[in-house]
Amino acid sequence: MTKKLPLIETISLQGLEIAPSQVWGGVRIVPLLRQQPRNDLRIFKRDYDSNVTVVSTNDQTNYLSYVPHGLVLNWSDDNSPVVAMGGQLLTDGKQFACGPIKVQLLHRMAKREDKNTLRLLPLHLAMEGFLSMFFKGPTIAWKEYSKQALSSGLSPRVEWSIGGGAINHLENALRVFEIHQNQVGVLLFVSEILASAFIVPTPEDYRALHTSLLEDFYGETFYYYGLYGKAEHLQVTIDEDSIHTFTDLNKALRKMRSDWSTFQGFMANDLLNRSIHSERVYTAGPFSLQRFITDLSLTKNSNYIGEAIVDQSNHLQYLKIYGLSNAQTKRVYLLQQLAANNWDLEYTAREQGDTLEELVRRLVNAGFRYLLNNQLLEKYKIKL
Amino acid sequence: MTKSYASRTLEVVREDLVMFINACLSCTGQREFYDDYNGQKVSLDFLHDYILGNYRLLYCRTLATGINHFNKIQIILKLLATGQKTIPEYRREENSLITATLHSLPPHRAWSLMLQIRKQHINNSRARAIVKYYITSRSSKRLEFEAVKYRSKLQAIATHNHLKLEKELNSFLFRHWEKSFQTELFEQFRQGHYSAKAIYKLPFTIAEGLAEKHNIPRQVFLTQIEKQMTVHEKLRMQNSAEKAGVAIEIEANHLSLTKLALYILSLCLDTRQKRRDELHQAMQESADSVLKRSALQFGRVAAVLDRSYSSSGSSEKRRRPLGIALAIHYLLRAAAKEYQAFWTVPISEPLLVTPYGQSNLATPLLSALAWQPELVLIVSDGWENDPPAATSELLRVYRRKIDTKGQTSIIHCNPVFNADDFNLKQLSSLIPTVGLREAEDLPIVVAFARFADGSATLPELENYLAICTNQMLKDNILSLQKS
């Protein structure tokens, strides 16, 4: 039995190289290269053609969403190369028709299918963790809460997001993107804000999964960034005073590349070098699948949830992130503060430097009106 | 102040013209990798109208510069549609340029051009006279052949232009068929409707339809019709023939180099590997025959060839940019004393090239320059991304610090028209960017390159156009005398 790997504390692109970006409309795609990909872990895509997928997670909870595809992990325990078996071999769950709607039933977000085979639902794994982590509901029956909040918490825990197709230019940006030779991943910026990061173990896997970025879901803010924002065409210059020979020119070109790499690493600072809270999902031989959320900050451009696979040397073998929209961040922030103070409204308000009325208004604006009882709402003359 | 204003005006005219000729060399109004069909079409159409409205004489003379067929046709149509605005003293020249161009077009394009005249409702005495002259100047044998091959077109053109055709041709076209025709080909066409044996002396495309009517098995049909096929038809039918189990031989030395390159790129890698020697030889023969027709000679040449993913072109122009790069590779190999190719992603066997990877032009360009050639030819769509705009920066420093005397000339050939700014995407303002649609046009493009980087003035460009025009008209008279 191999020892379980430690939890990830920060996302770092160790072992990966950042190459210059390609821009289309407001979308900037930054390729990530891996010079020595390992071949004992492969990821394949499995398509689901259902309109709705119901995933039964543990303790009688169901997760309901549109899931266009899942990922199938194959790994070996002894560093031997994994044979590419593809992702479509096994039948997965049950499918039935409910009127015109095809419903897919699946068991668990990450499910072991065979020895050294795991199926996971990308991003939904992170989203489910996110919903179960924060949307728990009051633990003490304070009098300010409504009956519904006390009896069933925030259930159903609902968040919504948009598909990649809704982001302006994303489809074309992915179509015209020229995949590099050793490319295993991308950082995807919409209007210069990091919208997604996607990393897989090998270049072959990436080529097969490149278009799946369009099927992923994104925070609703990125829809507006796509509509109104734009990406600059950047240019690095050479200091001509130091150039005398071809060797100097070659050096200058190498420096150009490293400048690009550093700058784009800096652009992704919202994700990189940020402290994260992670949770182990599955240990697959020498690899560890974890899901995480960055610390919530209302001042940063965006906050992220995601899932990652790391190997023993702490190199990312798989990564997929979801940028929370601003409204989502606000909601989660409020819930997090309430939970930290045992759901005591007055105490939380004081902690925040707010009055109770202000906190109530913030809760209502964030969409949590149903948590509060009518007397409280009437007291502050909030329309019922 | 006034002088600088006047010189600026001349500069604008020169830029406009270079932009237009470049567009006419590369664009065909079809979909490209980065642009859709609509953008290309609208953009090019605007450019035509703009140049026609402002510089009619120069617009007309562009016909003589070796631009592509699509744009020649557009120019002729637009000139014919706006005949009233012709400058009186140049009317003769315009007429003879149109006539000469029409005669130099391949027959299928010429016939479809004349059909376009009808579709666009252009009906004036000049247009009618030009069409009539085209038809009457064709030898009777050729006209008979084309009457069979382009029957519906000729019929429509005759109707539109009120042409009085020869009696039998007339009754053939308008289906007043007698018991039998005197003309052999017409008679065969008539018989082809009733007898399966009679179709093998007809043009391939006509016979193909009749073969379907007689339910002739594909294999039998293709074996027997082979001698009637044109070189391009043979090339087009390769896959279809292979499926039917027939081998149709391609005569490489008659094929255009770019078409052959595109055909090779359409084959899968295994086939290319298997037929490597044969295809290699075919490309060489084709390149040699291009050289025979044009005096193209180079000393020490390096080519930077873009094989990035965007060279896969579009569904309308499949792998065209890559095909041009491959064709240029073979052409330069044959034309230069010393030659070396630098692909964006290195490849050992050029025939096995595929559109792959990012556009890293800077690295191969540096290697090419370090090889110290006399001429560097860059074939790329100009969308550079690894790193973006690096060539422009490298070339700036190279010209300032290393090659200060400009001993190495660098030309960027761009097969893709960028609809957004009506121009070809440039790599650097220091090197000329010229459009290229067929590798065979390389001599024209090299001659035109000196106007593209702004080193030549407007009078020089006008002079160049005038010389081209005179040459074309002279050639036309000679060829007419011959025929």
# chains A, B, ... in the order shown; residues from 1 in each chain; ligands from 1
$ interface_residues --of "chain B" --to "chain A" --cutoff "8 Å" --atoms "only C-alpha atoms" --output "ChimeraX atom specification"
/B:33-34,308-310,356-359,362,366,370,385-390,393-394,397,401-402
$ select_by_dssp --residues "segment 107-188 of chain A" --states "strand (DSSP E)" --output "PyMOL selection string"
chain A and resi 107+110-114+117-120+162-163+183-188
$ atom_distance --atom1 "atom CA of Val360 of chain A" --atom2 "atom CA of Gly219 of chain A"
25.2 Å
$ closest_residue --among "A:Asp216, A:Glu357, A:Glu128, A:Glu113" --to "Thr57 of chain A" --atoms "only C-alpha atoms"
A:Glu128
$ residues_around --residues "segment 44-53 of chain B" --least-positions-apart "2" --cutoff "10 Å" --atoms "only C-alpha atoms" --output "PyMOL selection string"
chain B and resi 13+16-17+19-20+23-24+27-29+38-42+55-60+71+74-75+78-79+82+85+417-419+422-423
$ select_by_dssp --residues "segment 41-212 of chain B" --states "alpha helix (DSSP H)" --output "PyMOL selection string"
chain B and resi 41-54+56-61+69-81+91-104+107-119+125-136+140-149+151-160+167-173+184-192+204-212
$ write_last_selection --atoms "C-alpha atoms" --output "short mmCIF file (atom, residue, chain, number, x, y, z; two decimals), in the first residue's frame"
data_model
loop_
_atom_site.label_atom_id
_atom_site.label_comp_id
_atom_site.auth_asym_id
_atom_site.auth_seq_id
_atom_site.Cartn_x
_atom_site.Cartn_y
_atom_site.Cartn_z
CA LYS B 41 -16.20 38.17 -50.53
CA VAL B 42 -17.42 41.50 -49.16
CA SER B 43 -13.92 42.73 -48.48
CA LEU B 44 -12.60 41.89 -51.93
CA ASP B 45 -15.68 43.26 -53.63
CA PHE B 46 -15.28 46.56 -51.85
CA LEU B 47 -11.63 46.71 -52.85
CA HIS B 48 -12.55 46.17 -56.51
CA ASP B 49 -15.19 48.89 -56.44
CA TYR B 50 -12.85 51.29 -54.68
CA ILE B 51 -10.00 50.86 -57.15
CA LEU B 52 -12.36 50.87 -60.14
CA GLY B 53 -13.97 54.11 -59.00
CA ASN B 54 -10.71 55.91 -58.32
CA ARG B 56 -9.93 53.07 -63.68
CA LEU B 57 -6.95 52.92 -66.02
CA LEU B 58 -4.67 51.26 -63.49
CA TYR B 59 -7.49 48.95 -62.47
CA CYS B 60 -7.80 47.81 -66.04
CA ARG B 61 -4.06 47.40 -66.50
CA HIS B 69 -8.34 33.95 -62.69
CA PHE B 70 -11.04 34.76 -60.17
CA ASN B 71 -9.95 38.38 -59.96
CA LYS B 72 -9.44 38.67 -63.72
CA ILE B 73 -13.05 37.64 -64.13
CA GLN B 74 -14.20 40.13 -61.49
CA ILE B 75 -12.30 42.95 -63.16
CA ILE B 76 -13.70 42.16 -66.62
CA LEU B 77 -17.24 41.99 -65.27
CA LYS B 78 -16.91 45.28 -63.44
CA LEU B 79 -15.33 47.00 -66.44
CA LEU B 80 -18.05 45.77 -68.76
CA ALA B 81 -20.79 46.79 -66.34
CA ARG B 91 -11.15 52.84 -74.68
CA ARG B 92 -9.18 50.93 -77.29
CA GLU B 93 -6.64 49.72 -74.79
CA GLU B 94 -9.34 48.64 -72.35
CA ASN B 95 -11.17 46.71 -75.02
CA SER B 96 -8.09 44.93 -76.21
CA LEU B 97 -7.02 44.11 -72.64
CA ILE B 98 -10.41 42.59 -71.90
CA THR B 99 -10.34 40.62 -75.12
CA ALA B 100 -6.81 39.40 -74.57
CA THR B 101 -7.56 38.36 -70.99
CA LEU B 102 -10.73 36.58 -72.01
CA HIS B 103 -8.79 34.63 -74.61
CA SER B 104 -6.06 33.74 -72.17
CA PRO B 107 -12.14 27.71 -71.54
CA HIS B 108 -14.29 26.72 -68.58
CA ARG B 109 -13.56 30.01 -66.86
CA ALA B 110 -14.09 32.01 -70.03
CA TRP B 111 -17.46 30.39 -70.63
CA SER B 112 -18.56 30.88 -67.05
CA LEU B 113 -17.45 34.52 -67.26
CA MET B 114 -19.68 35.04 -70.28
CA LEU B 115 -22.50 33.36 -68.43
CA GLN B 116 -21.91 35.73 -65.51
CA ILE B 117 -22.41 38.62 -67.92
CA ARG B 118 -25.91 37.33 -68.48
CA LYS B 119 -26.59 36.65 -64.81
CA SER B 125 -22.93 46.62 -77.35
CA ARG B 126 -19.33 46.34 -76.15
CA ALA B 127 -20.01 43.28 -74.01
CA ARG B 128 -21.95 41.68 -76.85
CA ALA B 129 -19.19 42.42 -79.32
CA ILE B 130 -16.53 40.96 -77.07
CA VAL B 131 -18.50 37.76 -76.53
CA LYS B 132 -19.29 37.51 -80.21
CA TYR B 133 -15.64 37.94 -81.09
CA TYR B 134 -14.65 35.24 -78.61
CA ILE B 135 -17.05 32.78 -80.19
CA THR B 136 -16.34 33.61 -83.80
CA SER B 140 -14.84 25.39 -85.72
CA LYS B 141 -13.38 22.15 -84.33
CA ARG B 142 -12.84 23.73 -80.92
CA LEU B 143 -16.22 25.41 -80.86
CA GLU B 144 -17.92 22.11 -81.64
CA PHE B 145 -16.07 20.45 -78.80
CA GLU B 146 -16.94 23.23 -76.38
CA ALA B 147 -20.52 23.34 -77.59
CA VAL B 148 -20.83 19.75 -76.43
CA LYS B 149 -18.90 20.21 -73.21
CA ARG B 151 -23.78 23.12 -73.89
CA SER B 152 -26.02 24.90 -71.41
CA LYS B 153 -23.59 27.79 -71.02
CA LEU B 154 -23.21 28.35 -74.74
CA GLN B 155 -26.96 28.14 -75.13
CA ALA B 156 -27.54 30.82 -72.50
CA ILE B 157 -24.79 33.03 -73.91
CA ALA B 158 -26.16 32.76 -77.43
CA THR B 159 -29.60 33.74 -76.21
CA HIS B 160 -28.37 36.68 -74.18
CA LYS B 167 -27.22 26.30 -88.60
CA GLU B 168 -26.22 22.93 -87.24
CA LEU B 169 -24.70 24.35 -84.09
CA ASN B 170 -27.89 26.30 -83.59
CA SER B 171 -30.12 23.29 -83.95
CA PHE B 172 -27.79 21.27 -81.74
CA LEU B 173 -27.86 23.81 -78.91
CA GLU B 184 -19.09 14.12 -85.98
CA LEU B 185 -19.07 15.15 -82.34
CA PHE B 186 -22.69 16.31 -82.34
CA GLU B 187 -23.66 13.05 -83.95
CA GLN B 188 -21.79 11.10 -81.30
CA PHE B 189 -23.51 13.09 -78.60
CA ARG B 190 -26.88 12.30 -80.17
CA GLN B 191 -26.00 8.62 -80.45
CA GLY B 192 -24.70 8.61 -76.89
CA PHE B 204 -15.37 13.01 -69.94
CA THR B 205 -17.85 15.11 -67.96
CA ILE B 206 -20.52 14.66 -70.63
CA ALA B 207 -19.86 10.95 -70.96
CA GLU B 208 -20.09 10.52 -67.20
CA GLY B 209 -23.70 11.67 -67.18
CA LEU B 210 -24.62 9.45 -70.09
CA ALA B 211 -22.83 6.47 -68.49
CA GLU B 212 -25.14 6.82 -65.55
#
$ atom_distance --atom1 "atom CA of Ala261 of chain B" --atom2 "atom CA of Asn239 of chain B"
15.4 Å
$ residues_around --residues "segment 247-254 of chain B" --least-positions-apart "4" --cutoff "12 Å" --atoms "only C-alpha atoms" --output "PyMOL selection string"
chain B and resi 219-220+222-243+258-261+263-264+278-293
$ write_last_selection --atoms "C-alpha atoms" --output "tab-separated table (two decimals), in the first residue's frame"
chain	number	residue	atom	x	y	z
B	219	GLN	CA	-14.94	0.28	-63.60
B	220	VAL	CA	-15.76	-0.34	-67.26
B	222	LEU	CA	-13.37	4.65	-66.26
B	223	THR	CA	-11.11	2.20	-68.10
B	224	GLN	CA	-12.52	3.11	-71.46
B	225	ILE	CA	-12.90	6.85	-71.00
B	226	GLU	CA	-9.37	7.38	-69.69
B	227	LYS	CA	-7.99	8.67	-73.00
B	228	GLN	CA	-10.68	11.37	-73.08
B	229	MET	CA	-9.80	12.81	-69.68
B	230	THR	CA	-7.90	16.04	-69.23
B	231	VAL	CA	-4.92	16.02	-66.87
B	232	HIS	CA	-6.90	17.68	-64.11
B	233	GLU	CA	-9.78	15.29	-64.54
B	234	LYS	CA	-7.33	12.42	-64.19
B	235	LEU	CA	-6.05	13.93	-61.00
B	236	ARG	CA	-9.53	14.54	-59.66
B	237	MET	CA	-10.63	10.99	-60.42
B	238	GLN	CA	-7.72	9.29	-58.63
B	239	ASN	CA	-9.65	8.35	-55.50
B	240	SER	CA	-12.79	7.47	-57.36
B	241	ALA	CA	-10.80	5.29	-59.78
B	242	GLU	CA	-9.00	3.56	-56.95
B	243	LYS	CA	-12.31	2.68	-55.35
B	258	THR	CA	0.42	23.42	-56.91
B	259	LYS	CA	-2.41	21.10	-57.97
B	260	LEU	CA	-0.06	18.15	-57.75
B	261	ALA	CA	1.18	19.24	-54.32
B	263	TYR	CA	-3.18	16.13	-54.44
B	264	ILE	CA	-0.20	14.65	-52.60
B	278	GLU	CA	6.91	8.11	-57.70
B	279	LEU	CA	5.40	11.24	-56.15
B	280	HIS	CA	8.80	12.78	-55.60
B	281	GLN	CA	9.65	12.30	-59.24
B	282	ALA	CA	6.31	13.70	-60.34
B	283	MET	CA	6.89	16.84	-58.29
B	284	GLN	CA	10.35	17.24	-59.74
B	285	GLU	CA	9.13	16.86	-63.30
B	286	SER	CA	6.36	19.33	-62.71
B	287	ALA	CA	8.79	21.83	-61.16
B	288	ASP	CA	11.15	21.40	-64.11
B	289	SER	CA	8.39	22.12	-66.57
B	290	VAL	CA	7.54	25.33	-64.69
B	291	LEU	CA	11.17	26.38	-65.00
B	292	LYS	CA	11.18	25.67	-68.70
B	293	ARG	CA	8.31	28.10	-69.19
$ residues_around --residues "segment 271-285 of chain A" --least-positions-apart "2" --cutoff "6 Å" --atoms "only C-alpha atoms" --output "number ranges by chain"
A: 9-12, 77, 268-269, 287-295
$ write_last_selection --atoms "C-alpha atoms" --output "CSV table (one decimal), in the first residue's frame"
chain,number,residue,atom,x,y,z
A,9,GLU,CA,-1.3,23.8,-0.6
A,10,THR,CA,-0.8,25.9,-3.7
A,11,ILE,CA,-1.2,25.4,-7.4
A,12,SER,CA,2.1,25.7,-9.0
A,77,ASP,CA,1.3,1.2,-10.4
A,268,ALA,CA,-2.4,33.8,-13.8
A,269,ASN,CA,-1.5,35.0,-10.3
A,287,PHE,CA,-1.4,9.6,-8.0
A,288,SER,CA,-3.8,11.6,-5.8
A,289,LEU,CA,-7.0,13.2,-7.0
A,290,GLN,CA,-8.0,16.2,-4.9
A,291,ARG,CA,-10.5,19.0,-5.2
A,292,PHE,CA,-9.9,22.4,-3.9
A,293,ILE,CA,-11.1,26.0,-3.5
A,294,THR,CA,-8.9,29.1,-3.3
A,295,ASP,CA,-9.3,31.4,-0.3
$ closest_residue --among "B:Ile328, B:Leu461, B:Leu305, B:Ala335" --to "Leu365 of chain B" --atoms "only C-alpha atoms"
B:Leu305
$ closest_residue --among "A:Leu356, A:Leu324, A:Leu41, A:Ile309" --to "Leu194 of chain A" --atoms "only C-alpha atoms"
A:Leu324
